file coords13.cif (mmCIF, C-alpha atoms)
data_structure
#
loop_
_atom_site.label_atom_id
_atom_site.label_comp_id
_atom_site.auth_asym_id
_atom_site.auth_seq_id
_atom_site.Cartn_x
_atom_site.Cartn_y
_atom_site.Cartn_z
CA MET J 195 0.00 0.00 0.00
CA HIS J 196 1.32 3.43 -0.93
CA ASN J 197 1.00 6.28 1.53
CA SER J 198 1.10 8.85 -1.27
CA PRO J 199 -2.30 9.87 -2.60
CA LEU J 200 -3.37 8.86 -6.09
CA VAL J 201 -4.73 11.75 -8.13
CA ILE J 202 -7.10 10.73 -10.92
CA LEU J 203 -7.02 13.56 -13.43
CA SER J 204 -10.12 13.73 -15.63
CA SER J 205 -10.05 16.63 -18.03
CA ALA J 206 -10.68 16.74 -21.77
CA ARG J 207 -7.43 18.72 -22.13
CA LYS J 208 -4.05 17.21 -21.33
CA ASN J 209 -2.47 20.38 -19.94
CA GLY J 210 -5.51 22.47 -19.10
CA ASP J 211 -6.65 24.20 -15.93
CA THR J 212 -7.28 20.95 -14.06
CA HIS J 213 -3.73 19.75 -14.70
CA GLN J 214 -2.45 23.16 -13.60
CA LEU J 215 -4.52 22.91 -10.40
CA VAL J 216 -3.05 19.48 -9.62
CA SER J 217 0.51 20.58 -10.47
CA ASN J 218 0.31 23.74 -8.37
CA LEU J 219 -1.39 22.07 -5.42
CA PHE J 220 0.98 19.11 -5.19
CA LEU J 221 4.19 20.93 -6.15
CA GLY J 222 7.02 19.22 -4.28
CA LYS J 223 4.69 16.66 -2.67
CA ASP J 224 4.76 12.88 -2.92
CA VAL J 225 1.81 12.04 -5.16
CA ALA J 226 0.92 9.55 -7.90
CA LEU J 227 -0.91 10.82 -10.96
CA LEU J 228 -3.22 8.87 -13.24
CA ASP J 229 -4.64 10.77 -16.23
CA LEU J 230 -7.84 9.23 -17.62
CA LEU J 231 -6.84 10.54 -21.07
CA ASP J 232 -4.07 7.90 -21.06
CA TYR J 233 -6.55 5.02 -20.62
CA HIS J 234 -9.38 3.53 -22.62
CA VAL J 235 -12.44 3.05 -20.42
CA THR J 236 -15.44 1.73 -22.30
CA PRO J 237 -18.86 3.03 -21.24
CA TYR J 238 -20.80 0.87 -18.78
CA SER J 239 -22.47 -2.24 -20.21
CA TYR J 240 -25.47 -3.83 -18.54
CA LYS J 241 -24.23 -7.17 -19.89
CA GLY J 242 -20.84 -6.66 -18.28
CA GLU J 243 -19.12 -7.31 -21.60
CA TYR J 244 -16.15 -5.15 -22.51
CA PRO J 245 -13.56 -5.21 -25.28
CA SER J 246 -10.11 -6.58 -24.51
CA HIS J 247 -8.54 -3.10 -24.78
CA ASP J 248 -10.72 -1.74 -21.93
CA GLN J 249 -8.49 -0.53 -19.08
CA PHE J 250 -10.99 0.03 -16.27
CA LEU J 251 -9.56 -2.84 -14.22
CA THR J 252 -6.02 -1.52 -14.78
CA ILE J 253 -7.07 1.75 -13.17
CA LEU J 254 -8.72 -0.08 -10.29
CA MET J 255 -5.53 -2.04 -9.61
CA ASP J 256 -3.72 1.30 -9.23
CA ILE J 257 -6.47 2.61 -6.96
CA LEU J 258 -6.19 -0.41 -4.69
CA LYS J 259 -2.50 0.40 -4.08
CA HIS J 260 -3.36 3.73 -2.41
CA ASP J 261 -5.18 4.70 0.77
CA SER J 262 -6.18 8.16 -0.48
CA ILE J 263 -7.77 8.88 -3.85
CA VAL J 264 -8.13 12.43 -5.18
CA PHE J 265 -10.48 12.97 -8.10
CA ALA J 266 -9.55 16.07 -10.12
CA THR J 267 -12.07 17.47 -12.56
CA PRO J 268 -13.05 20.66 -14.28
CA VAL J 269 -16.60 21.85 -13.88
CA TYR J 270 -18.28 21.09 -17.21
CA TRP J 271 -21.89 22.23 -17.52
CA TYR J 272 -22.33 22.22 -13.71
CA ALA J 273 -21.03 18.66 -13.32
CA MET J 274 -17.89 16.51 -13.37
CA SER J 275 -16.10 15.85 -16.66
CA GLY J 276 -17.54 13.27 -19.04
CA SER J 277 -14.53 10.99 -18.64
CA LEU J 278 -14.97 10.96 -14.86
CA LYS J 279 -18.71 10.37 -15.16
CA ASN J 280 -17.97 7.44 -17.46
CA PHE J 281 -15.51 6.11 -14.87
CA PHE J 282 -18.08 6.51 -12.10
CA ASP J 283 -20.68 4.66 -14.19
CA ARG J 284 -18.23 1.78 -14.49
CA LEU J 285 -18.05 1.51 -10.70
CA THR J 286 -21.32 -0.39 -11.11
CA ASP J 287 -19.13 -3.31 -12.19
CA LEU J 288 -17.81 -3.41 -8.62
CA VAL J 289 -21.20 -4.40 -7.27
CA THR J 290 -22.04 -6.82 -10.08
CA ILE J 291 -19.22 -8.59 -11.92
CA ASN J 292 -16.18 -7.54 -9.81
CA LYS J 293 -17.52 -7.66 -6.26
CA THR J 294 -14.20 -8.80 -4.79
CA ILE J 295 -12.52 -5.63 -6.04
CA GLY J 296 -15.48 -3.56 -4.90
CA ARG J 297 -15.11 -4.81 -1.33
CA GLN J 298 -11.44 -3.78 -1.38
CA MET J 299 -12.46 -0.14 -1.82
CA LYS J 300 -13.63 -0.11 1.81
CA GLY J 301 -11.69 2.24 4.05
CA LYS J 302 -10.18 4.40 1.33
CA THR J 303 -10.25 8.15 1.80
CA ILE J 304 -11.67 10.21 -1.06
CA TYR J 305 -11.03 13.87 -1.91
CA LEU J 306 -12.17 16.07 -4.75
CA LEU J 307 -10.38 18.82 -6.66
CA ALA J 308 -12.44 20.99 -8.99
CA VAL J 309 -11.68 24.00 -11.11
CA GLY J 310 -14.18 26.29 -12.77
CA ALA J 311 -15.05 29.86 -13.69
CA GLU J 312 -17.80 30.54 -11.14
CA ASN J 313 -17.29 31.83 -7.58
CA VAL J 314 -18.59 28.62 -6.02
CA LEU J 315 -19.21 25.04 -7.05
CA PRO J 316 -22.65 24.33 -8.50
CA SER J 317 -25.20 23.07 -6.02
CA GLY J 318 -24.96 19.30 -5.66
CA PHE J 319 -21.57 18.99 -7.38
CA GLU J 320 -20.09 16.97 -4.52
CA VAL J 321 -23.05 14.61 -4.14
CA PRO J 322 -21.82 11.85 -6.48
CA PHE J 323 -18.44 11.78 -4.73
CA ALA J 324 -19.86 11.77 -1.20
CA GLN J 325 -22.61 9.24 -1.95
CA THR J 326 -20.34 6.91 -3.92
CA SER J 327 -17.86 6.99 -1.06
CA THR J 328 -20.60 6.07 1.39
CA TYR J 329 -21.85 3.28 -0.87
CA PHE J 330 -18.41 1.66 -1.01
CA ASP J 331 -17.73 2.29 2.70
CA MET J 332 -15.05 4.85 1.92
CA GLU J 333 -14.71 8.20 3.62
CA TYR J 334 -15.28 11.39 1.63
CA LYS J 335 -13.17 14.17 3.17
CA GLY J 336 -14.19 17.13 1.03
CA CYS J 337 -13.44 19.29 -1.94
CA TYR J 338 -10.91 21.94 -2.84
CA TYR J 339 -12.45 24.25 -5.42
CA CYS J 340 -10.33 26.77 -7.26
CA ARG J 341 -11.54 29.34 -9.73
CA THR J 342 -9.55 29.54 -12.94
CA ASP J 343 -8.45 33.06 -12.06
CA GLU J 344 -7.01 31.81 -8.74
CA LEU J 345 -4.79 29.03 -10.13
CA LEU J 346 -1.63 30.95 -9.29
CA THR J 347 -2.60 31.98 -5.76
CA MET J 348 -4.75 29.00 -4.70
CA PRO J 349 -6.20 30.31 -1.43
CA ASP J 350 -6.47 27.85 1.49
CA LYS J 351 -4.51 25.16 -0.34
CA GLU J 352 -2.34 24.41 2.69
CA SER J 353 -5.28 23.39 4.87
CA PHE J 354 -6.55 21.06 2.14
CA LEU J 355 -3.10 19.51 1.68
CA TYR J 356 -2.85 19.05 5.43
CA LYS J 357 -6.08 17.04 5.33
CA ILE J 358 -4.77 14.81 2.56
CA TYR J 359 -1.35 14.14 4.03
CA THR J 360 -2.56 13.59 7.58
CA SER J 361 -5.67 11.64 6.52
CA GLY J 362 -7.80 14.40 7.95
CA LYS J 363 -6.77 13.65 11.52
#

call {"tool": "encode", "arguments": {"input": "coords13.cif", "output": "structure tokens"}}
result
Amino acid sequence: MHNSPLVILSSARKNGDTHQLVSNLFLGKDVALLDLLDYHVTPYSYKGEYPSHDQFLTILMDILKHDSIVFATPVYWYAMSGSLKNFFDRLTDLVTINKTIGRQMKGKTIYLLAVGAENVLPSGFEVPFAQTSTYFDMEYKGCYYCRTDELLTMPDKESFLYKIYTSGK
């Protein structure tokens, strides 16, 4: 098990604002980064049938190596990115065809990073993260939201980093 957090980056742009948020926040910190743009995750299938090039389970194997998972997403149309939503839809596999892996999610600590243009996150933005954490018996520890015009200053970043690196204790 790795003590460093795993950041799952989920933007449509490789080096966009979300990547800048992650880079600035974790500058000089021990962190693992997984960019969903580097993986092929097929949309959820009710039949549980996926092509051989699907890499959802590869991502899950990386997740299982870490105690803390940080989802990083831009705010797209008042919600998480499409790639992250697709990933979340695939978590259904962990309660149907991959239950053993699903049970191993228990006890993980979940955080959220979001970047957008508005002053505050849209109402309900954190709900999927908090509720999914509860469903899998993980602990959701909150969100760090940064406006695009604050990416260089990042107010209150130290208190959020403290939570991540001390497991919120």

call {"tool": "closest_residue", "arguments": {"input": "coords13.cif", "among": "J:Asp229, J:Asp350, J:Glu320, J:Asp256", "to": "J:Ile304", "atoms": "all atoms listed in the file"}}
result
J:Glu320

call {"tool": "closest_residue", "arguments": {"input": "coords13.cif", "among": "J:Asp261, J:Asp248, J:Asp232, J:Asp211", "to": "J:Ile358", "atoms": "all atoms listed in the file"}}
result
J:Asp261

call {"tool": "closest_residue", "arguments": {"input": "coords13.cif", "among": "J:Leu221, J:Leu200, J:Leu230, J:Leu285", "to": "J:Lys259", "atoms": "all atoms listed in the file"}}
result
J:Leu200

call {"tool": "axis_aligned_box", "arguments": {"input": "coords13.cif", "around": "stretch 212-222 of chain J", "padding_each_side": "5 Å", "output": "lines of an AutoDock Vina configuration file"}}
result
center_x = -0.1
center_y = 21.4
center_z = -9.5
size_x = 24.3
size_y = 14.6
size_z = 20.4

call {"tool": "closest_residue", "arguments": {"input": "coords13.cif", "among": "J:Leu258, J:Tyr359, J:Pro316, J:Ser353", "to": "J:Thr294", "atoms": "all atoms listed in the file"}}
result
J:Leu258

call {"tool": "resolve_selection", "arguments": {"input": "coords13.cif", "expression": "the PyMOL selection byres ((chain J and resi 332-343) around 8)", "output": "PyMOL selection string"}}
result
chain J and resi 211+215+299-315+320+323-324+327-331+344-346+348-349+351+354+357+362

call {"tool": "resolve_selection", "arguments": {"input": "coords13.cif", "expression": "the PyMOL selection byres ((chain J and resi 272) around 10)", "output": "list in words"}}
result
Pro268, Val269, Tyr270, Trp271, Ala273, Met274, Ser275, Gly310, Glu312, Leu315, Pro316, Ser317, Gly318 and Phe319 of chain J

call {"tool": "write_last_selection", "arguments": {"input": "coords13.cif", "atoms": "C-alpha atoms", "output": "tab-separated table (two decimals), in the coordinates of the input"}}
result
chain	number	residue	atom	x	y	z
J	268	PRO	CA	-13.05	20.66	-14.28
J	269	VAL	CA	-16.60	21.85	-13.88
J	270	TYR	CA	-18.28	21.09	-17.21
J	271	TRP	CA	-21.89	22.23	-17.52
J	273	ALA	CA	-21.03	18.66	-13.32
J	274	MET	CA	-17.89	16.51	-13.37
J	275	SER	CA	-16.10	15.85	-16.66
J	310	GLY	CA	-14.18	26.29	-12.77
J	312	GLU	CA	-17.80	30.54	-11.14
J	315	LEU	CA	-19.21	25.04	-7.05
J	316	PRO	CA	-22.65	24.33	-8.50
J	317	SER	CA	-25.20	23.07	-6.02
J	318	GLY	CA	-24.96	19.30	-5.66
J	319	PHE	CA	-21.57	18.99	-7.38

call {"tool": "atom_distance", "arguments": {"input": "coords13.cif", "atom1": "atom CA of J:Thr326", "atom2": "atom CA of J:Asp287"}}
result
13.2 Å

call {"tool": "atom_distance", "arguments": {"input": "coords13.cif", "atom1": "atom CA of J:Ile295", "atom2": "atom CA of J:Leu254"}}
result
8.0 Å

call {"tool": "resolve_selection", "arguments": {"input": "coords13.cif", "expression": "the PyMOL selection byres ((chain J and resi 201) around 9)", "output": "list in words"}}
result
Pro199, Leu200, Ile202, Leu203, Val216, Val225, Ala226, Leu227, Leu228, Asp229, Ser262, Ile263, Val264, Phe265 and Ala266 of chain J

call {"tool": "atom_distance", "arguments": {"input": "coords13.cif", "atom1": "atom CA of J:Lys293", "atom2": "atom CA of J:Leu278"}}
result
20.7 Å

call {"tool": "closest_residue", "arguments": {"input": "coords13.cif", "among": "J:Lys241, J:Arg284, J:Lys223, J:His234", "to": "J:Leu355", "atoms": "all atoms listed in the file"}}
result
J:Lys223

call {"tool": "closest_residue", "arguments": {"input": "coords13.cif", "among": "J:Thr360, J:Thr236, J:Thr252, J:Ser246", "to": "J:Phe281", "atoms": "all atoms listed in the file"}}
result
J:Thr236

call {"tool": "build_atoms", "arguments": {"input": "coords13.cif", "residues": "stretch 236-270 of chain J", "atoms": "N, CA and C atoms", "output": "compact mmCIF listing (two decimals), in the frame of the given file"}}
result
# COMPACT_ATOMS: atom_id res chain seq x y z
N THR J 236 -14.20 1.89 -21.53
CA THR J 236 -15.44 1.73 -22.30
C THR J 236 -16.64 2.12 -21.43
N PRO J 237 -17.65 2.73 -22.02
CA PRO J 237 -18.86 3.03 -21.24
C PRO J 237 -19.46 1.77 -20.61
N TYR J 238 -20.18 1.97 -19.52
CA TYR J 238 -20.80 0.87 -18.78
C TYR J 238 -21.69 0.02 -19.68
N SER J 239 -21.64 -1.29 -19.47
CA SER J 239 -22.47 -2.24 -20.21
C SER J 239 -23.31 -3.05 -19.22
N TYR J 240 -24.61 -3.04 -19.41
CA TYR J 240 -25.47 -3.83 -18.54
C TYR J 240 -25.14 -5.32 -18.61
N LYS J 241 -24.60 -5.76 -19.73
CA LYS J 241 -24.23 -7.17 -19.89
C LYS J 241 -22.88 -7.48 -19.25
N GLY J 242 -22.15 -6.44 -18.88
CA GLY J 242 -20.84 -6.66 -18.28
C GLY J 242 -19.81 -7.16 -19.28
N GLU J 243 -20.04 -6.86 -20.54
CA GLU J 243 -19.12 -7.31 -21.60
C GLU J 243 -18.35 -6.12 -22.13
N TYR J 244 -17.02 -6.25 -22.11
CA TYR J 244 -16.15 -5.15 -22.51
C TYR J 244 -15.08 -5.65 -23.46
N PRO J 245 -14.62 -4.79 -24.36
CA PRO J 245 -13.56 -5.21 -25.28
C PRO J 245 -12.24 -5.45 -24.53
N SER J 246 -11.37 -6.22 -25.15
CA SER J 246 -10.11 -6.58 -24.51
C SER J 246 -9.22 -5.37 -24.24
N HIS J 247 -9.38 -4.29 -24.98
CA HIS J 247 -8.54 -3.10 -24.78
C HIS J 247 -9.08 -2.18 -23.67
N ASP J 248 -10.18 -2.54 -23.03
CA ASP J 248 -10.72 -1.74 -21.93
C ASP J 248 -9.74 -1.78 -20.75
N GLN J 249 -9.49 -0.62 -20.15
CA GLN J 249 -8.49 -0.53 -19.08
C GLN J 249 -9.07 -0.13 -17.72
N PHE J 250 -10.37 -0.30 -17.54
CA PHE J 250 -10.99 0.03 -16.27
C PHE J 250 -10.35 -0.74 -15.11
N LEU J 251 -10.15 -2.04 -15.30
CA LEU J 251 -9.56 -2.84 -14.22
C LEU J 251 -8.11 -2.45 -13.95
N THR J 252 -7.39 -2.00 -14.96
CA THR J 252 -6.02 -1.52 -14.78
C THR J 252 -6.02 -0.33 -13.83
N ILE J 253 -6.95 0.58 -14.04
CA ILE J 253 -7.07 1.75 -13.17
C ILE J 253 -7.42 1.32 -11.75
N LEU J 254 -8.33 0.39 -11.63
CA LEU J 254 -8.72 -0.08 -10.29
C LEU J 254 -7.55 -0.71 -9.54
N MET J 255 -6.70 -1.43 -10.26
CA MET J 255 -5.53 -2.04 -9.61
C MET J 255 -4.62 -0.95 -9.05
N ASP J 256 -4.49 0.17 -9.76
CA ASP J 256 -3.72 1.30 -9.23
C ASP J 256 -4.41 1.91 -8.02
N ILE J 257 -5.71 2.05 -8.08
CA ILE J 257 -6.47 2.61 -6.96
C ILE J 257 -6.27 1.77 -5.71
N LEU J 258 -6.30 0.47 -5.85
CA LEU J 258 -6.19 -0.41 -4.69
C LEU J 258 -4.83 -0.30 -4.00
N LYS J 259 -3.84 0.24 -4.66
CA LYS J 259 -2.50 0.40 -4.08
C LYS J 259 -2.40 1.63 -3.17
N HIS J 260 -3.42 2.47 -3.15
CA HIS J 260 -3.36 3.73 -2.41
C HIS J 260 -4.48 3.82 -1.38
N ASP J 261 -4.17 4.47 -0.27
CA ASP J 261 -5.18 4.70 0.77
C ASP J 261 -6.06 5.90 0.45
N SER J 262 -5.46 6.92 -0.18
CA SER J 262 -6.18 8.16 -0.48
C SER J 262 -6.29 8.35 -1.99
N ILE J 263 -7.50 8.65 -2.44
CA ILE J 263 -7.77 8.88 -3.85
C ILE J 263 -8.31 10.30 -3.99
N VAL J 264 -7.72 11.05 -4.92
CA VAL J 264 -8.13 12.43 -5.18
C VAL J 264 -8.64 12.51 -6.61
N PHE J 265 -9.91 12.78 -6.77
CA PHE J 265 -10.48 12.97 -8.10
C PHE J 265 -10.33 14.44 -8.48
N ALA J 266 -9.77 14.70 -9.65
CA ALA J 266 -9.55 16.07 -10.12
C ALA J 266 -10.32 16.28 -11.42
N THR J 267 -11.22 17.25 -11.40
CA THR J 267 -12.07 17.47 -12.56
C THR J 267 -12.37 18.95 -12.78
N PRO J 268 -12.50 19.33 -14.03
CA PRO J 268 -13.05 20.66 -14.28
C PRO J 268 -14.55 20.62 -14.07
N VAL J 269 -15.14 21.76 -13.92
CA VAL J 269 -16.60 21.85 -13.88
C VAL J 269 -17.07 22.04 -15.32
N TYR J 270 -17.74 21.04 -15.85
CA TYR J 270 -18.28 21.09 -17.21
C TYR J 270 -19.79 21.08 -17.11
